[in-house]
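Structure data (compact mmCIF, C-alpha atoms) from structure23.txt:
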# COMPACT_ATOMS: atom_id res chain seq x y z
CA LYS A 26 -19.82 -26.87 49.79
CA GLN A 27 -16.92 -24.44 50.05
CA GLU A 28 -16.29 -23.00 53.49
CA VAL A 29 -13.76 -20.28 54.23
CA THR A 30 -12.48 -19.76 57.75
CA GLN A 31 -10.21 -17.07 59.11
CA ILE A 32 -8.13 -17.26 62.25
CA PRO A 33 -7.91 -15.39 64.51
CA ALA A 34 -11.29 -13.70 64.59
CA ALA A 35 -9.77 -10.70 66.32
CA LEU A 36 -6.25 -9.51 66.93
CA SER A 37 -4.78 -6.62 68.87
CA VAL A 38 -1.08 -5.80 68.50
CA PRO A 39 1.24 -2.93 69.34
CA GLU A 40 2.44 -0.73 66.53
CA GLY A 41 5.48 -2.00 64.66
CA GLU A 42 4.79 -5.69 65.01
CA ASN A 43 4.82 -8.07 62.08
CA LEU A 44 1.70 -10.18 61.96
CA VAL A 45 0.12 -13.03 60.08
CA LEU A 46 -3.54 -13.54 59.30
CA ASN A 47 -4.72 -16.98 58.30
CA CYS A 48 -7.36 -18.13 55.85
CA SER A 49 -8.35 -21.73 55.16
CA PHE A 50 -10.77 -23.16 52.62
CA THR A 51 -12.23 -26.62 52.30
CA ASP A 52 -12.29 -27.11 48.52
CA SER A 53 -8.98 -26.62 46.73
CA ALA A 54 -10.64 -26.24 43.31
CA ILE A 55 -10.52 -22.47 43.34
CA TYR A 56 -9.97 -20.01 40.56
CA ASN A 57 -8.22 -17.40 42.70
CA LEU A 58 -8.08 -16.00 46.21
CA GLN A 59 -8.35 -12.38 47.17
CA TRP A 60 -7.66 -10.46 50.36
CA PHE A 61 -9.77 -7.41 51.19
CA ARG A 62 -9.78 -4.72 53.79
CA GLN A 63 -12.99 -3.34 55.24
CA ASP A 64 -13.15 -0.30 57.48
CA PRO A 65 -16.14 0.00 59.86
CA GLY A 66 -19.35 0.76 57.99
CA LYS A 67 -17.52 0.90 54.67
CA GLY A 68 -17.20 -1.20 51.55
CA LEU A 69 -14.31 -3.41 50.54
CA THR A 70 -10.87 -2.49 49.30
CA SER A 71 -9.02 -5.17 47.39
CA LEU A 72 -5.50 -5.68 48.73
CA LEU A 73 -4.06 -8.64 46.88
CA LEU A 74 -5.31 -11.18 44.38
CA ILE A 75 -3.54 -14.52 43.93
CA GLN A 76 -4.39 -16.68 40.93
CA SER A 77 -4.64 -20.41 41.55
CA SER A 78 -1.35 -20.96 39.69
CA GLN A 79 0.54 -18.47 41.85
CA ARG A 80 2.17 -18.97 45.23
CA GLU A 81 2.30 -15.40 46.49
CA GLN A 82 1.70 -11.74 45.81
CA THR A 83 3.28 -8.68 47.37
CA SER A 84 2.22 -5.08 47.67
CA GLY A 85 4.19 -2.75 49.88
CA ARG A 86 4.14 -4.07 53.44
CA LEU A 87 1.68 -6.80 52.52
CA ASN A 88 2.50 -10.28 51.35
CA ALA A 89 -0.06 -12.97 50.66
CA SER A 90 0.75 -16.61 50.07
CA LEU A 91 -1.38 -19.41 48.70
CA ASP A 92 -1.04 -23.15 49.22
CA LYS A 93 -3.94 -24.49 47.20
CA SER A 94 -3.30 -28.14 47.92
CA SER A 95 -3.58 -27.64 51.65
CA GLY A 96 -6.35 -25.07 51.34
CA ARG A 97 -4.54 -22.26 53.09
CA SER A 98 -3.54 -18.67 52.55
CA THR A 99 -1.74 -16.23 54.81
CA LEU A 100 -1.60 -12.46 54.77
CA TYR A 101 1.60 -11.08 56.23
CA ILE A 102 1.65 -7.46 57.36
CA ALA A 103 5.06 -6.02 58.11
CA ALA A 104 5.70 -3.22 60.57
CA SER A 105 2.05 -2.73 61.43
CA GLN A 106 0.65 0.78 61.86
CA PRO A 107 -2.49 2.12 63.55
CA GLY A 108 -3.84 2.88 60.08
CA ASP A 109 -3.84 -0.84 59.37
CA SER A 110 -6.65 -1.29 61.88
CA ALA A 111 -9.60 -2.76 59.99
CA THR A 112 -11.31 -6.04 59.25
CA TYR A 113 -9.48 -8.23 56.78
CA LEU A 114 -11.46 -10.62 54.65
CA CYS A 115 -10.25 -13.37 52.39
CA ALA A 116 -12.42 -14.69 49.60
CA VAL A 117 -12.03 -17.58 47.19
CA ARG A 118 -13.45 -17.52 43.73
CA GLU A 119 -15.18 -20.60 42.41
CA GLY A 120 -16.20 -21.39 38.88
CA THR A 121 -16.81 -18.44 36.65
CA TYR A 122 -17.59 -15.73 39.11
CA LYS A 123 -18.69 -16.66 42.60
CA TYR A 124 -16.69 -15.45 45.59
CA ILE A 125 -17.04 -17.15 48.96
CA PHE A 126 -15.96 -14.88 51.79
CA GLY A 127 -14.28 -15.83 55.02
CA THR A 128 -15.43 -14.82 58.45
CA GLY A 129 -12.91 -12.00 58.73
CA THR A 130 -10.18 -10.98 61.17
CA ARG A 131 -10.69 -7.73 63.09
CA LEU A 132 -7.29 -6.15 63.53
CA LYS A 133 -6.47 -3.38 65.94
CA VAL A 134 -3.00 -1.87 65.93
CA LEU A 135 -2.29 0.12 69.05
CA ALA A 136 -0.21 3.30 68.90
CA GLY B 20 -9.05 2.65 38.85
CA ALA B 21 -12.59 1.46 38.29
CA VAL B 22 -15.17 3.00 40.60
CA VAL B 23 -18.47 1.59 41.74
CA SER B 24 -20.95 3.78 43.57
CA GLN B 25 -24.03 2.95 45.56
CA HIS B 26 -26.99 5.11 46.40
CA PRO B 27 -28.17 5.74 48.99
CA SER B 28 -25.37 5.13 51.47
CA ARG B 29 -27.87 4.91 54.32
CA VAL B 30 -31.61 4.48 54.40
CA ILE B 31 -34.09 4.16 57.23
CA CYS B 32 -37.60 3.05 56.40
CA LYS B 33 -40.75 1.85 58.06
CA SER B 34 -41.72 -1.79 58.06
CA GLY B 35 -43.79 -2.69 55.02
CA THR B 36 -42.27 -0.18 52.63
CA SER B 37 -40.04 -0.97 49.66
CA VAL B 38 -36.53 0.34 49.27
CA LYS B 39 -34.48 0.62 46.10
CA ILE B 40 -30.69 0.58 46.16
CA GLU B 41 -28.70 1.57 43.10
CA CYS B 42 -25.31 0.27 42.06
CA ARG B 43 -23.45 2.11 39.32
CA SER B 44 -20.16 1.49 37.58
CA LEU B 45 -18.89 5.00 36.97
CA ASP B 46 -16.13 4.58 34.44
CA PHE B 47 -16.54 1.14 32.95
CA GLN B 48 -19.18 -1.14 31.57
CA ALA B 49 -20.21 -3.94 33.89
CA THR B 50 -21.72 -6.91 32.15
CA THR B 51 -22.11 -8.63 35.47
CA MET B 52 -22.94 -7.18 38.85
CA PHE B 53 -23.17 -8.95 42.17
CA TRP B 54 -25.20 -8.21 45.28
CA TYR B 55 -23.96 -9.19 48.72
CA ARG B 56 -25.45 -8.91 52.15
CA GLN B 57 -23.48 -8.51 55.35
CA PHE B 58 -24.90 -9.01 58.84
CA PRO B 59 -23.23 -7.27 61.77
CA LYS B 60 -19.81 -8.73 62.48
CA LYS B 61 -20.40 -11.40 59.86
CA SER B 62 -18.94 -11.97 56.47
CA LEU B 63 -20.44 -11.17 53.11
CA MET B 64 -22.97 -13.50 51.58
CA LEU B 65 -23.62 -13.48 47.86
CA MET B 66 -27.31 -12.92 47.24
CA ALA B 67 -27.53 -12.84 43.49
CA THR B 68 -25.72 -12.27 40.24
CA SER B 69 -27.22 -9.94 37.69
CA ASN B 70 -26.34 -9.89 34.04
CA GLU B 71 -27.25 -6.97 31.85
CA GLY B 72 -30.46 -7.60 29.98
CA SER B 73 -31.32 -10.89 31.61
CA LYS B 74 -32.84 -12.22 34.79
CA ALA B 75 -30.74 -12.37 37.91
CA THR B 76 -29.44 -15.64 39.27
CA TYR B 77 -30.25 -15.98 42.95
CA GLU B 78 -28.32 -17.98 45.52
CA GLN B 79 -30.03 -20.73 47.41
CA GLY B 80 -32.21 -19.40 50.19
CA VAL B 81 -32.57 -15.90 48.77
CA GLU B 82 -36.19 -14.95 48.04
CA LYS B 83 -36.53 -13.70 44.49
CA ASP B 84 -39.79 -11.91 45.17
CA LYS B 85 -38.37 -10.25 48.24
CA PHE B 86 -35.18 -8.98 46.65
CA LEU B 87 -35.89 -7.76 43.14
CA ILE B 88 -32.84 -7.17 40.99
CA ASN B 89 -32.81 -5.29 37.72
CA HIS B 90 -29.77 -4.77 35.50
CA ALA B 91 -31.19 -2.55 32.81
CA SER B 92 -27.95 -1.11 31.50
CA LEU B 93 -24.24 -1.85 31.48
CA THR B 94 -23.64 0.68 34.23
CA LEU B 95 -26.62 0.27 36.54
CA SER B 96 -28.10 -2.50 38.64
CA THR B 97 -30.80 -1.99 41.25
CA LEU B 98 -31.82 -4.04 44.25
CA THR B 99 -35.31 -3.46 45.59
CA VAL B 100 -36.16 -4.83 49.01
CA THR B 101 -39.91 -5.26 48.87
CA SER B 102 -42.15 -5.00 51.92
CA ALA B 103 -39.13 -4.57 54.14
CA HIS B 104 -39.14 -5.92 57.69
CA PRO B 105 -36.71 -5.38 60.56
CA GLU B 106 -34.93 -8.64 59.77
CA ASP B 107 -33.99 -7.17 56.38
CA SER B 108 -31.88 -4.58 58.13
CA SER B 109 -28.35 -5.15 56.94
CA PHE B 110 -25.42 -3.79 54.98
CA TYR B 111 -25.84 -4.38 51.27
CA ILE B 112 -22.79 -4.25 49.00
CA CYS B 113 -22.65 -4.55 45.25
CA SER B 114 -19.71 -5.35 43.05
CA ALA B 115 -19.18 -5.14 39.34
CA GLY B 116 -17.07 -7.17 36.98
CA GLN B 117 -15.52 -5.31 34.11
CA GLY B 118 -16.61 -6.71 30.77
CA LYS B 119 -16.36 -10.45 30.54
CA ASN B 120 -13.43 -10.58 32.89
CA THR B 121 -14.79 -10.92 36.36
CA ASP B 122 -11.44 -11.78 37.88
CA THR B 123 -11.42 -8.36 39.40
CA GLN B 124 -14.64 -7.32 41.01
CA TYR B 125 -14.86 -3.71 42.05
CA PHE B 126 -16.89 -3.24 45.19
CA GLY B 127 -19.23 -0.42 46.03
CA PRO B 128 -19.14 1.42 49.37
CA GLY B 129 -22.26 -0.33 50.61
CA THR B 130 -25.72 0.74 51.72
CA ARG B 131 -26.85 0.51 55.32
CA LEU B 132 -30.54 -0.37 55.49
CA THR B 133 -32.41 -0.01 58.75
CA VAL B 134 -36.02 -1.08 58.87
CA LEU B 135 -37.97 0.19 61.86
As a first step, turn the structure in this file into structure tokens.
Amino acid sequence: KQEVTQIPAALSVPEGENLVLNCSFTDSAIYNLQWFRQDPGKGLTSLLLIQSSQREQTSGRLNASLDKSSGRSTLYIAASQPGDSATYLCAVREGTYKYIFGTGTRLKVLA
Amino acid sequence: GAVVSQHPSRVICKSGTSVKIECRSLDFQATTMFWYRQFPKKSLMLMATSNEGSKATYEQGVEKDKFLINHASLTLSTLTVTSAHPEDSSFYICSAGQGKNTDTQYFGPGTRLTVL
């Protein structure tokens, strides 16, 4: 059974810092991995999607890497801003459609 | 980009009543829609997958008779929580896959259900 874990569970950093969020999964037979952002009481916003054949994806200040063989992904946020404060979720897609979500990292960027 | 809406965004109901939540794909046809549940400070759990015109596929441990899912058209899926109880209080989020390609699932804004 696939399990997705995110470390740390919560993180508080001063504005401007570069930071790394970690995601690990137990079964490497995934179709793709996706990182989402969730603001309090809101739905999900997709940030980056990495196909199983890819190693990384970049969008602006965000960079996500994928090491399928070791079951790990990282989300790198450069020059963090208070507006980046949110919960970040990673999810792995299995089979034809099913996404298994991680436990999330609650990020707070202090001004 | 593709937009998925949910209605209502918040609902408060008395124990024993039924609540219907709608999920609509506004500018694309969604052959497949997904319903997730999120407990406070927890991650999302897939409840069921609904395909247009056919019965929903429920995940293990999800009561089919409790959570009725209907996907009557390519742009609308509904989740009905029947005889709701306080333990059903949660954040329900739907997502929709565009056409046959469900690589990208577009997520709705969620519905907060509170059962008194």
Q) For Gln117 of chain B, which of B:Gln79, B:Thr94, B:Ser34, B:Ser24 is the closest residue, counting only C-alpha atoms? A) B:Thr94
Report as a tab-separated table: every residue of chain B with an atom at most 9 Å from chain A, its closest pair of atoms, and their distance in Å to one decimal, counting only C-alpha atoms, with rows sorted by chain and ascending residue number.
residue	atom	partner	partner_atom	distance
B:Phe53	CA	A:Lys123	CA	8.9
B:Lys60	CA	A:Gly129	CA	8.5
B:Lys61	CA	A:Thr128	CA	6.2
B:Ser62	CA	A:Thr128	CA	4.9
B:Leu63	CA	A:Phe126	CA	6.0
B:Met64	CA	A:Phe126	CA	7.1
B:Leu65	CA	A:Tyr124	CA	7.6
B:Thr68	CA	A:Lys123	CA	8.6
B:Phe110	CA	A:Gly66	CA	8.2
B:Ile112	CA	A:Gly68	CA	6.9
B:Cys113	CA	A:Gly68	CA	9.0
B:Gly116	CA	A:Tyr122	CA	8.8
B:Thr121	CA	A:Tyr122	CA	6.2
B:Asp122	CA	A:Tyr122	CA	7.4
B:Thr123	CA	A:Leu74	CA	8.4
B:Gln124	CA	A:Ser71	CA	8.8
B:Tyr125	CA	A:Ser71	CA	8.0
B:Phe126	CA	A:Leu69	CA	5.9
B:Gly127	CA	A:Gly68	CA	5.9
B:Pro128	CA	A:Gly68	CA	3.9
B:Gly129	CA	A:Gly68	CA	5.2
B:Thr130	CA	A:Lys67	CA	8.7
B:Arg131	CA	A:Gly66	CA	8.0
Q. Neighbours of Asn89 of chain B within 8 Å (only C-alpha atoms; same-chain residues fewer than 5 positions away dropped), as a ChimeraX atom specification?
A. /B:69,74-75,96-98
Could you give me the axis-aligned bounding box of segment 102-107 of chain B, with 5 Å of padding per side, as centre plus edge lengths in Å to one decimal, as JSON?
{"center_x": -38.1, "center_y": -6.6, "center_z": 56.2, "size_x": 18.2, "size_y": 14.1, "size_z": 18.6}
Q: Determine, counting all atoms listed in the file, which protein, DNA and RNA residues have an atom within 9 Å of an atom of Ser84 of chain A; residues of the same chain fewer than 5 positions away are not included. Present the result as a VMD selection string.
A: chain A and resid 72 to 73 89
Q.
Report, in Å to a single decimal, how far apart atom CA of Trp54 of chain B and atom CA of Val100 of chain B are.
A. 12.1 Å
Q: For Thr99 of chain B, list every protein, DNA or RNA residue within 8 Å, evaluated using only C-alpha atoms, and leave out those in the same chain fewer than 2 positions away; present the list as a ChimeraX atom specification.
A: /B:37-40,85-88,97,101
Write out, as a CSV table (one decimal), keeping the file's coordinate frame, the residues just selected, with C-alpha atoms.
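The new file out.csv reads:
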chain,number,residue,atom,x,y,z
B,37,SER,CA,-40.0,-1.0,49.7
B,38,VAL,CA,-36.5,0.3,49.3
B,39,LYS,CA,-34.5,0.6,46.1
B,40,ILE,CA,-30.7,0.6,46.2
B,85,LYS,CA,-38.4,-10.2,48.2
B,86,PHE,CA,-35.2,-9.0,46.6
B,87,LEU,CA,-35.9,-7.8,43.1
B,88,ILE,CA,-32.8,-7.2,41.0
B,97,THR,CA,-30.8,-2.0,41.2
B,101,THR,CA,-39.9,-5.3,48.9
(Q) So that I can check the surroundings of Gly72 of chain B, please list as a VMD selection string every protein, DNA and RNA residue that reaches within 7 Å of it, counting only C-alpha atoms and ignoring chain neighbours fewer than 2 positions away. (A) chain B and resid 70 90 to 91
Grab the residues selected above and save them as a PDB file, in the frame of the given file with C-alpha atoms.
ATOM      1  CA  ASN B  70     -26.340  -9.890  34.040  1.00  0.00           C
ATOM      2  CA  HIS B  90     -29.770  -4.770  35.500  1.00  0.00           C
ATOM      3  CA  ALA B  91     -31.190  -2.550  32.810  1.00  0.00           C
TER       4      ALA B  91
END
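Note that atom CA of Thr83 of chain A and atom CA of Ala49 of chain B are 27.5 Å apart.
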Q) Could you work out how far atom CA of Ile55 of chain A lies from atom CA of Leu91 of chain A, giving the answer in Å with one decimal? A) 11.0 Å
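Among the candidates B:Val30, B:Val22, B:Ala103, B:Met66, the one nearest to Ser44 of chain B when counting all atoms listed in the file is B:Val22.
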Q. When distances are computed from only C-alpha atoms, which of A:Leu87, A:Val134, A:Ala111, A:Ile102 shows the smallest separation from Pro39 of chain A?
A.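 The shortest atom-to-atom distance to Pro39 of chain A comes from A:Val134.
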Q) Got a sec: who's within 9 Å of Leu44 of chain A, counting only C-alpha atoms, leaving out chain neighbours fewer than 5 positions off, as a list in words? A) Val38, Leu100, Tyr101, Ile102, Ala103, Ala104 and Ser105 of chain A
(Q) Ranking B:Leu132, B:Val81, B:Leu93, B:Ala67 by minimum distance to Ser28 of chain B and counting only C-alpha atoms, which one comes first? (A)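 Smallest separation from Ser28 of chain B among the options: B:Leu132.
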Please produce segment 30-64 of chain A, completed to N, CA and C atoms, as a PDB file, in the frame of the given file.
ATOM      1  N   THR A  30     -12.624 -20.089  56.327  1.00  0.00           N
ATOM      2  CA  THR A  30     -12.480 -19.760  57.750  1.00  0.00           C
ATOM      3  C   THR A  30     -11.244 -18.898  57.949  1.00  0.00           C
ATOM      4  N   GLN A  31     -11.362 -17.915  58.820  1.00  0.00           N
ATOM      5  CA  GLN A  31     -10.210 -17.070  59.110  1.00  0.00           C
ATOM      6  C   GLN A  31      -9.891 -17.102  60.599  1.00  0.00           C
ATOM      7  N   ILE A  32      -8.609 -17.226  60.870  1.00  0.00           N
ATOM      8  CA  ILE A  32      -8.130 -17.260  62.250  1.00  0.00           C
ATOM      9  C   ILE A  32      -6.954 -16.306  62.384  1.00  0.00           C
ATOM     10  N   PRO A  33      -6.891 -15.473  63.455  1.00  0.00           N
ATOM     11  CA  PRO A  33      -7.910 -15.390  64.510  1.00  0.00           C
ATOM     12  C   PRO A  33      -9.095 -14.525  64.093  1.00  0.00           C
ATOM     13  N   ALA A  34     -10.133 -14.545  64.888  1.00  0.00           N
ATOM     14  CA  ALA A  34     -11.290 -13.700  64.590  1.00  0.00           C
ATOM     15  C   ALA A  34     -10.993 -12.252  64.922  1.00  0.00           C
ATOM     16  N   ALA A  35     -10.150 -12.053  65.931  1.00  0.00           N
ATOM     17  CA  ALA A  35      -9.770 -10.700  66.320  1.00  0.00           C
ATOM     18  C   ALA A  35      -8.333 -10.714  66.797  1.00  0.00           C
ATOM     19  N   LEU A  36      -7.667  -9.600  66.599  1.00  0.00           N
ATOM     20  CA  LEU A  36      -6.250  -9.510  66.930  1.00  0.00           C
ATOM     21  C   LEU A  36      -5.921  -8.082  67.310  1.00  0.00           C
ATOM     22  N   SER A  37      -5.191  -7.948  68.409  1.00  0.00           N
ATOM     23  CA  SER A  37      -4.780  -6.620  68.870  1.00  0.00           C
ATOM     24  C   SER A  37      -3.278  -6.659  69.090  1.00  0.00           C
ATOM     25  N   VAL A  38      -2.544  -5.775  68.419  1.00  0.00           N
ATOM     26  CA  VAL A  38      -1.080  -5.800  68.500  1.00  0.00           C
ATOM     27  C   VAL A  38      -0.548  -4.393  68.675  1.00  0.00           C
ATOM     28  N   PRO A  39       0.631  -4.255  69.255  1.00  0.00           N
ATOM     29  CA  PRO A  39       1.240  -2.930  69.340  1.00  0.00           C
ATOM     30  C   PRO A  39       1.826  -2.533  67.992  1.00  0.00           C
ATOM     31  N   GLU A  40       1.903  -1.260  67.777  1.00  0.00           N
ATOM     32  CA  GLU A  40       2.440  -0.730  66.530  1.00  0.00           C
ATOM     33  C   GLU A  40       3.853  -1.256  66.277  1.00  0.00           C
ATOM     34  N   GLY A  41       4.143  -1.552  65.020  1.00  0.00           N
ATOM     35  CA  GLY A  41       5.480  -2.000  64.660  1.00  0.00           C
ATOM     36  C   GLY A  41       5.643  -3.493  64.534  1.00  0.00           C
ATOM     37  N   GLU A  42       4.683  -4.234  65.077  1.00  0.00           N
ATOM     38  CA  GLU A  42       4.790  -5.690  65.010  1.00  0.00           C
ATOM     39  C   GLU A  42       4.488  -6.207  63.617  1.00  0.00           C
ATOM     40  N   ASN A  43       5.160  -7.327  63.292  1.00  0.00           N
ATOM     41  CA  ASN A  43       4.820  -8.070  62.080  1.00  0.00           C
ATOM     42  C   ASN A  43       3.745  -9.065  62.453  1.00  0.00           C
ATOM     43  N   LEU A  44       2.768  -9.255  61.605  1.00  0.00           N
ATOM     44  CA  LEU A  44       1.700 -10.180  61.960  1.00  0.00           C
ATOM     45  C   LEU A  44       1.225 -10.984  60.764  1.00  0.00           C
ATOM     46  N   VAL A  45       0.586 -12.094  61.099  1.00  0.00           N
ATOM     47  CA  VAL A  45       0.120 -13.030  60.080  1.00  0.00           C
ATOM     48  C   VAL A  45      -1.362 -13.327  60.303  1.00  0.00           C
ATOM     49  N   LEU A  46      -2.130 -13.180  59.260  1.00  0.00           N
ATOM     50  CA  LEU A  46      -3.540 -13.540  59.300  1.00  0.00           C
ATOM     51  C   LEU A  46      -3.728 -14.803  58.459  1.00  0.00           C
ATOM     52  N   ASN A  47      -4.547 -15.690  58.958  1.00  0.00           N
ATOM     53  CA  ASN A  47      -4.720 -16.980  58.300  1.00  0.00           C
ATOM     54  C   ASN A  47      -6.091 -17.147  57.676  1.00  0.00           C
ATOM     55  N   CYS A  48      -6.113 -17.850  56.568  1.00  0.00           N
ATOM     56  CA  CYS A  48      -7.360 -18.130  55.850  1.00  0.00           C
ATOM     57  C   CYS A  48      -7.287 -19.577  55.386  1.00  0.00           C
ATOM     58  N   SER A  49      -8.325 -20.346  55.649  1.00  0.00           N
ATOM     59  CA  SER A  49      -8.350 -21.730  55.160  1.00  0.00           C
ATOM     60  C   SER A  49      -9.654 -21.977  54.411  1.00  0.00           C
ATOM     61  N   PHE A  50      -9.581 -22.848  53.415  1.00  0.00           N
ATOM     62  CA  PHE A  50     -10.770 -23.160  52.620  1.00  0.00           C
ATOM     63  C   PHE A  50     -10.837 -24.658  52.405  1.00  0.00           C
ATOM     64  N   THR A  51     -12.035 -25.166  52.279  1.00  0.00           N
ATOM     65  CA  THR A  51     -12.230 -26.620  52.300  1.00  0.00           C
ATOM     66  C   THR A  51     -12.107 -27.275  50.923  1.00  0.00           C
ATOM     67  N   ASP A  52     -12.361 -26.549  49.866  1.00  0.00           N
ATOM     68  CA  ASP A  52     -12.290 -27.110  48.520  1.00  0.00           C
ATOM     69  C   ASP A  52     -11.165 -26.424  47.754  1.00  0.00           C
ATOM     70  N   SER A  53     -10.167 -27.206  47.364  1.00  0.00           N
ATOM     71  CA  SER A  53      -8.980 -26.620  46.730  1.00  0.00           C
ATOM     72  C   SER A  53      -9.211 -26.225  45.266  1.00  0.00           C
ATOM     73  N   ALA A  54     -10.363 -26.568  44.714  1.00  0.00           N
ATOM     74  CA  ALA A  54     -10.640 -26.240  43.310  1.00  0.00           C
ATOM     75  C   ALA A  54     -11.111 -24.795  43.185  1.00  0.00           C
ATOM     76  N   ILE A  55     -10.174 -23.892  43.404  1.00  0.00           N
ATOM     77  CA  ILE A  55     -10.520 -22.470  43.340  1.00  0.00           C
ATOM     78  C   ILE A  55      -9.887 -21.844  42.115  1.00  0.00           C
ATOM     79  N   TYR A  56     -10.467 -20.737  41.713  1.00  0.00           N
ATOM     80  CA  TYR A  56      -9.970 -20.010  40.560  1.00  0.00           C
ATOM     81  C   TYR A  56      -8.910 -19.003  40.995  1.00  0.00           C
ATOM     82  N   ASN A  57      -9.191 -18.304  42.091  1.00  0.00           N
ATOM     83  CA  ASN A  57      -8.220 -17.400  42.700  1.00  0.00           C
ATOM     84  C   ASN A  57      -8.636 -17.106  44.125  1.00  0.00           C
ATOM     85  N   LEU A  58      -7.793 -16.397  44.831  1.00  0.00           N
ATOM     86  CA  LEU A  58      -8.080 -16.000  46.210  1.00  0.00           C
ATOM     87  C   LEU A  58      -7.726 -14.529  46.337  1.00  0.00           C
ATOM     88  N   GLN A  59      -8.568 -13.818  47.053  1.00  0.00           N
ATOM     89  CA  GLN A  59      -8.350 -12.380  47.170  1.00  0.00           C
ATOM     90  C   GLN A  59      -8.446 -11.968  48.638  1.00  0.00           C
ATOM     91  N   TRP A  60      -7.605 -11.053  49.027  1.00  0.00           N
ATOM     92  CA  TRP A  60      -7.660 -10.460  50.360  1.00  0.00           C
ATOM     93  C   TRP A  60      -8.210  -9.040  50.251  1.00  0.00           C
ATOM     94  N   PHE A  61      -9.128  -8.728  51.172  1.00  0.00           N
ATOM     95  CA  PHE A  61      -9.770  -7.410  51.190  1.00  0.00           C
ATOM     96  C   PHE A  61      -9.594  -6.775  52.567  1.00  0.00           C
ATOM     97  N   ARG A  62      -9.721  -5.478  52.548  1.00  0.00           N
ATOM     98  CA  ARG A  62      -9.780  -4.720  53.790  1.00  0.00           C
ATOM     99  C   ARG A  62     -11.131  -4.037  53.854  1.00  0.00           C
ATOM    100  N   GLN A  63     -11.725  -4.034  55.044  1.00  0.00           N
ATOM    101  CA  GLN A  63     -12.990  -3.340  55.240  1.00  0.00           C
ATOM    102  C   GLN A  63     -12.912  -2.490  56.492  1.00  0.00           C
ATOM    103  N   ASP A  64     -13.086  -1.189  56.327  1.00  0.00           N
ATOM    104  CA  ASP A  64     -13.150  -0.300  57.480  1.00  0.00           C
ATOM    105  C   ASP A  64     -14.587  -0.268  57.988  1.00  0.00           C
TER     106      ASP A  64
END
